[in-house]
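Take a look at the structure set out below.
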Amino acid sequence: MKDVLIRSVFGALFLMVVFTPFVYDVRHNANLLNLVFYVFTMLGTHELAEMSKKSTFKHTMKLPALLLVTALFMPLLIETARGFFPLLFNPVWQYFVETPALFVLWGILIISILVMSYWIFKKEKIDFVFKNPFVFNFFYPVLPMWVLAIAYTLTNSFDKQMLLIVLLPIYLNDTLAYVSGRIFGKRPLLPSVSPKKTWEGFIGGLIGAAVVMLAILYFVGYFTTINAIAITGVSVLASILATLGDLFESKLKRSIDIKDSGNILPGHGGILDRIDAMLFVAPVLYVLLILIS
């Protein structure tokens with residue numbers, strides 16, 4: 001009971017950290033959530049370096065990786081500050097405004113996610129990624145968070161609301177998959193990677209997330225056939241990608257024989273344990289929704 005309480009408290013605090021700046025941004029057309037994206041990426045980079053120490057290669061490249069994260073996010077952080085200090089000069093950001101750089105990075109991200117998803121089903125360990133942790137760190141977790149932050153900063157307050165459509169199915173799927181698995185779970189989904197995940201849990205999370213999203217759509221007064229099809233499609237894709245993200249993180253940890261990526265979140269583990277699903281889902285679907293809209 002104590003473990004459940006601790007997990008619930010820190011889970012709620014995590015959601016507050018994410019959604020408080022998000023609500024402010026939507027109301028004031030700001031970009032405060034970039035600070036959260038930056039901190040998550042820095043913490044994820046730190047955790048990956050610590051994980052690398054436990055591999056057979058022992059390389060970390062932590063400082064160069066942290067400096068790279070700061071350099072990549074600096075134009076975004078300056079643009080965030082410009083919301084409060086309009087006279088700040090931010091020439092690098094104009095490159096992202098005036099070129100299709102976001103969509104090029106998005107394409108690279110999709111390819112990298114496909115490769116990492118393939119690695120999940122390899123029988124061998126994937127600790128080879130720690131042979132060059134600096135390069136791997138760019139693709140996981142830096143690139144997903146960077147693409148998400150760029151897309152978020154480029155959109156106005158109305159389009160920023162679409163991020164909620166992307167994030168909600170992640171947490172709904174996580175909760176409902178856990179409940180479904182506990183009640184109905186019998187057939188393991190991928191026992192060599194995550195023994196506790198079951199097909200019943202996966203299907204329950206997928207269907208449950210879609211049903212709840214449809215219910216929300218109905219109660220907020222936006223229920224139409226087209227919207228229902230769209231929200232169902234987003235929910236299903238989010239559930240599948242979230243499961244792959246979770247399995248990839250599990251495969252990564254199992255390859256170096258650790259349980260958690262860190263201990264910053266009691267009851268949850270590290271930041272990578274908490275955002276593994278988001279890394280696969282949020283940037284992919286958020287940019288997709290921007291393109292469609």
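Starting from 1 in every chain, residues are counted up; chains themselves are A, B, ... following the order of the structure tokens, and ligands are numbered from 1 as listed.
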List as a PyMOL selection string the protein and nucleic acid residues near Phe57 of chain A, meaning an atom at most 10 Å away when only C-alpha atoms are counted, but skip any in the same chain fewer than 6 places from it. chain A and resi 127-133
Selection above as a file: all heavy atoms, as a compact mmCIF listing (two decimals), in the first residue's frame:
```txt
# COMPACT_ATOMS: atom_id res chain seq x y z
N ASP A 127 23.12 -3.91 -25.88
CA ASP A 127 24.05 -3.05 -25.16
C ASP A 127 25.11 -2.45 -26.08
O ASP A 127 25.89 -1.58 -25.66
CB ASP A 127 24.71 -3.81 -24.02
CG ASP A 127 25.45 -5.06 -24.48
OD1 ASP A 127 25.12 -5.56 -25.57
OD2 ASP A 127 26.33 -5.53 -23.76
N PHE A 128 25.14 -2.87 -27.37
CA PHE A 128 26.08 -2.28 -28.33
C PHE A 128 25.84 -0.78 -28.51
O PHE A 128 26.73 -0.07 -28.97
CB PHE A 128 25.99 -2.99 -29.68
CG PHE A 128 24.63 -2.95 -30.32
CD1 PHE A 128 24.22 -1.84 -31.05
CD2 PHE A 128 23.76 -4.02 -30.20
CE1 PHE A 128 22.97 -1.81 -31.65
CE2 PHE A 128 22.50 -3.99 -30.78
CZ PHE A 128 22.11 -2.88 -31.50
N VAL A 129 24.65 -0.30 -28.15
CA VAL A 129 24.37 1.13 -28.30
C VAL A 129 25.27 1.96 -27.40
O VAL A 129 25.51 3.14 -27.68
CB VAL A 129 22.88 1.45 -28.01
CG1 VAL A 129 21.97 0.70 -28.97
CG2 VAL A 129 22.52 1.14 -26.56
N PHE A 130 25.77 1.34 -26.34
CA PHE A 130 26.62 2.07 -25.41
C PHE A 130 28.08 2.11 -25.86
O PHE A 130 28.92 2.70 -25.17
CB PHE A 130 26.53 1.45 -24.01
CG PHE A 130 25.17 1.58 -23.40
CD1 PHE A 130 24.35 0.47 -23.22
CD2 PHE A 130 24.68 2.82 -23.02
CE1 PHE A 130 23.09 0.60 -22.65
CE2 PHE A 130 23.42 2.96 -22.46
CZ PHE A 130 22.63 1.84 -22.28
N LYS A 131 28.36 1.51 -26.99
CA LYS A 131 29.71 1.60 -27.54
C LYS A 131 30.02 3.04 -27.93
O LYS A 131 31.16 3.50 -27.83
CB LYS A 131 29.84 0.67 -28.75
CG LYS A 131 31.26 0.55 -29.27
CD LYS A 131 31.36 -0.50 -30.37
CE LYS A 131 32.80 -0.67 -30.84
NZ LYS A 131 32.92 -1.72 -31.89
N ASN A 132 28.98 3.75 -28.40
CA ASN A 132 29.12 5.18 -28.69
C ASN A 132 27.92 5.89 -28.08
O ASN A 132 26.97 6.24 -28.79
CB ASN A 132 29.20 5.43 -30.19
CG ASN A 132 29.71 6.84 -30.51
OD1 ASN A 132 29.49 7.77 -29.73
ND2 ASN A 132 30.40 6.98 -31.63
N PRO A 133 27.94 6.11 -26.77
CA PRO A 133 26.76 6.67 -26.09
C PRO A 133 26.41 8.09 -26.54
O PRO A 133 25.25 8.48 -26.47
CB PRO A 133 27.16 6.64 -24.61
CG PRO A 133 28.66 6.62 -24.62
CD PRO A 133 29.05 5.85 -25.84
```
Which residues are near Gly267 of chain A? Cut-off 12 Å, only C-alpha atoms, ignore same chain within fewer than 2 positions. Put them as a PyMOL selection string. chain A and resi 1-12+14+260+262-265+269-271+273-274
Could you write out that same residue set with N, CA, C and O atoms as a PDB file, in the first residue's frame?
```
ATOM      1  N   MET A   1       0.824  -1.209   0.000  1.00  0.00           N
ATOM      2  CA  MET A   1       0.000   0.000   0.000  1.00  0.00           C
ATOM      3  C   MET A   1       0.860   1.262   0.000  1.00  0.00           C
ATOM      4  O   MET A   1       0.575   2.238  -0.685  1.00  0.00           O
ATOM      5  N   LYS A   2       1.958   1.225   0.808  1.00  0.00           N
ATOM      6  CA  LYS A   2       2.845   2.380   0.881  1.00  0.00           C
ATOM      7  C   LYS A   2       3.477   2.671  -0.473  1.00  0.00           C
ATOM      8  O   LYS A   2       3.585   3.829  -0.889  1.00  0.00           O
ATOM      9  N   ASP A   3       3.910   1.600  -1.191  1.00  0.00           N
ATOM     10  CA  ASP A   3       4.522   1.769  -2.503  1.00  0.00           C
ATOM     11  C   ASP A   3       3.537   2.371  -3.501  1.00  0.00           C
ATOM     12  O   ASP A   3       3.905   3.220  -4.316  1.00  0.00           O
ATOM     13  N   VAL A   4       2.284   1.921  -3.430  1.00  0.00           N
ATOM     14  CA  VAL A   4       1.249   2.448  -4.322  1.00  0.00           C
ATOM     15  C   VAL A   4       1.016   3.929  -4.047  1.00  0.00           C
ATOM     16  O   VAL A   4       0.873   4.738  -4.975  1.00  0.00           O
ATOM     17  N   LEU A   5       1.003   4.301  -2.759  1.00  0.00           N
ATOM     18  CA  LEU A   5       0.790   5.695  -2.382  1.00  0.00           C
ATOM     19  C   LEU A   5       1.936   6.573  -2.884  1.00  0.00           C
ATOM     20  O   LEU A   5       1.705   7.646  -3.458  1.00  0.00           O
ATOM     21  N   ILE A   6       3.173   6.114  -2.691  1.00  0.00           N
ATOM     22  CA  ILE A   6       4.336   6.872  -3.153  1.00  0.00           C
ATOM     23  C   ILE A   6       4.303   7.030  -4.664  1.00  0.00           C
ATOM     24  O   ILE A   6       4.540   8.118  -5.207  1.00  0.00           O
ATOM     25  N   ARG A   7       3.993   5.951  -5.359  1.00  0.00           N
ATOM     26  CA  ARG A   7       3.925   5.984  -6.825  1.00  0.00           C
ATOM     27  C   ARG A   7       2.852   6.967  -7.294  1.00  0.00           C
ATOM     28  O   ARG A   7       3.054   7.734  -8.230  1.00  0.00           O
ATOM     29  N   SER A   8       1.704   6.953  -6.614  1.00  0.00           N
ATOM     30  CA  SER A   8       0.598   7.832  -6.989  1.00  0.00           C
ATOM     31  C   SER A   8       0.945   9.300  -6.758  1.00  0.00           C
ATOM     32  O   SER A   8       0.664  10.157  -7.601  1.00  0.00           O
ATOM     33  N   VAL A   9       1.564   9.593  -5.616  1.00  0.00           N
ATOM     34  CA  VAL A   9       1.922  10.980  -5.287  1.00  0.00           C
ATOM     35  C   VAL A   9       2.914  11.542  -6.299  1.00  0.00           C
ATOM     36  O   VAL A   9       2.722  12.639  -6.841  1.00  0.00           O
ATOM     37  N   PHE A  10       3.975  10.782  -6.572  1.00  0.00           N
ATOM     38  CA  PHE A  10       4.996  11.281  -7.494  1.00  0.00           C
ATOM     39  C   PHE A  10       4.500  11.256  -8.942  1.00  0.00           C
ATOM     40  O   PHE A  10       4.946  12.063  -9.764  1.00  0.00           O
ATOM     41  N   GLY A  11       3.570  10.352  -9.244  1.00  0.00           N
ATOM     42  CA  GLY A  11       2.942  10.370 -10.569  1.00  0.00           C
ATOM     43  C   GLY A  11       2.121  11.630 -10.769  1.00  0.00           C
ATOM     44  O   GLY A  11       2.163  12.264 -11.831  1.00  0.00           O
ATOM     45  N   ALA A  12       1.392  12.022  -9.716  1.00  0.00           N
ATOM     46  CA  ALA A  12       0.587  13.250  -9.780  1.00  0.00           C
ATOM     47  C   ALA A  12       1.483  14.480  -9.882  1.00  0.00           C
ATOM     48  O   ALA A  12       1.186  15.422 -10.639  1.00  0.00           O
ATOM     49  N   PHE A  14       4.443  14.594 -11.197  1.00  0.00           N
ATOM     50  CA  PHE A  14       4.997  14.595 -12.547  1.00  0.00           C
ATOM     51  C   PHE A  14       4.008  15.222 -13.529  1.00  0.00           C
ATOM     52  O   PHE A  14       4.388  16.058 -14.365  1.00  0.00           O
ATOM     53  N   ASP A 260      15.828  -0.056 -13.109  1.00  0.00           N
ATOM     54  CA  ASP A 260      15.365   1.294 -13.417  1.00  0.00           C
ATOM     55  C   ASP A 260      16.486   2.105 -14.049  1.00  0.00           C
ATOM     56  O   ASP A 260      17.677   1.848 -13.808  1.00  0.00           O
ATOM     57  N   GLY A 262      17.028   5.177 -13.328  1.00  0.00           N
ATOM     58  CA  GLY A 262      17.508   6.091 -12.294  1.00  0.00           C
ATOM     59  C   GLY A 262      16.615   5.990 -11.072  1.00  0.00           C
ATOM     60  O   GLY A 262      15.823   5.055 -10.943  1.00  0.00           O
ATOM     61  N   ASN A 263      16.704   6.979 -10.191  1.00  0.00           N
ATOM     62  CA  ASN A 263      15.883   6.946  -8.972  1.00  0.00           C
ATOM     63  C   ASN A 263      15.328   8.323  -8.617  1.00  0.00           C
ATOM     64  O   ASN A 263      14.992   8.573  -7.465  1.00  0.00           O
ATOM     65  N   ILE A 264      15.228   9.200  -9.598  1.00  0.00           N
ATOM     66  CA  ILE A 264      14.778  10.565  -9.325  1.00  0.00           C
ATOM     67  C   ILE A 264      13.293  10.627  -8.968  1.00  0.00           C
ATOM     68  O   ILE A 264      12.838  11.542  -8.289  1.00  0.00           O
ATOM     69  N   LEU A 265      12.521   9.627  -9.430  1.00  0.00           N
ATOM     70  CA  LEU A 265      11.080   9.598  -9.155  1.00  0.00           C
ATOM     71  C   LEU A 265      10.751   8.358  -8.325  1.00  0.00           C
ATOM     72  O   LEU A 265      10.584   7.270  -8.888  1.00  0.00           O
ATOM     73  N   GLY A 269      11.122   5.194 -10.722  1.00  0.00           N
ATOM     74  CA  GLY A 269      12.472   4.990 -11.220  1.00  0.00           C
ATOM     75  C   GLY A 269      13.063   6.296 -11.714  1.00  0.00           C
ATOM     76  O   GLY A 269      12.997   7.315 -11.032  1.00  0.00           O
ATOM     77  N   GLY A 270      13.613   6.257 -12.921  1.00  0.00           N
ATOM     78  CA  GLY A 270      14.234   7.443 -13.493  1.00  0.00           C
ATOM     79  C   GLY A 270      13.303   8.196 -14.423  1.00  0.00           C
ATOM     80  O   GLY A 270      12.181   7.766 -14.683  1.00  0.00           O
ATOM     81  N   ILE A 271      13.793   9.300 -14.945  1.00  0.00           N
ATOM     82  CA  ILE A 271      12.982  10.097 -15.869  1.00  0.00           C
ATOM     83  C   ILE A 271      12.734   9.328 -17.165  1.00  0.00           C
ATOM     84  O   ILE A 271      11.663   9.429 -17.758  1.00  0.00           O
ATOM     85  N   ASP A 273      12.328   6.166 -17.408  1.00  0.00           N
ATOM     86  CA  ASP A 273      11.258   5.205 -17.117  1.00  0.00           C
ATOM     87  C   ASP A 273       9.887   5.858 -17.248  1.00  0.00           C
ATOM     88  O   ASP A 273       8.902   5.188 -17.570  1.00  0.00           O
ATOM     89  N   ARG A 274       9.839   7.163 -17.010  1.00  0.00           N
ATOM     90  CA  ARG A 274       8.552   7.873 -17.023  1.00  0.00           C
ATOM     91  C   ARG A 274       8.202   8.420 -18.398  1.00  0.00           C
ATOM     92  O   ARG A 274       7.025   8.542 -18.724  1.00  0.00           O
TER      93      ARG A 274
END
```
So that I can check the surroundings of Ser192 of chain A, please list as a PyMOL selection string every protein, DNA and RNA residue that reaches within 9 Å of it, counting only C-alpha atoms and ignoring chain neighbours fewer than 2 positions away. chain A and resi 123+190+194-195+251
Step one, run DSSP on the backbone; step two, keep only residues of segment 111-285 of chain A assigned to strand (DSSP E or B); then write them as a ChimeraX atom specification. /A:188-190,194-198,265,269
I want to know what sits within 10 Å of Ala228 of chain A, based on only C-alpha atoms, with residues of the same chain fewer than 6 positions away left out; could you give that as a PyMOL selection string? chain A and resi 210+213-215+217-218+222+234
Got a sec to tell me which of segment 33-83 of chain A DSSP assigns to helix (DSSP H, G or I), as a ChimeraX atom specification? /A:33-53,62-82
Residues of segment 5-33 of chain A that have any atom at most 10 Å from an atom of segment 37-47 of chain A: could you tabulate them with the shortest-distance atom pair and the distance in Å to one decimal, using only C-alpha atoms, ordered by chain and increasing number, as CSV?
```
residue,atom,partner,partner_atom,distance
A:Val18,CA,A:Phe37,CA,8.9
A:Leu32,CA,A:Phe37,CA,9.2
A:Leu33,CA,A:Phe37,CA,6.4
```
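Rounded to one decimal, atom CA of Phe73 of chain A and atom CA of Leu105 of chain A lie 14.3 Å from each other.
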Find the residues near Lys160 of chain A: any atom within 9 Å, counting only C-alpha atoms, skip ones fewer than 5 places away on the same chain, and give them as a VMD selection string. chain A and resid 22 25 to 26 29 152 to 153 155
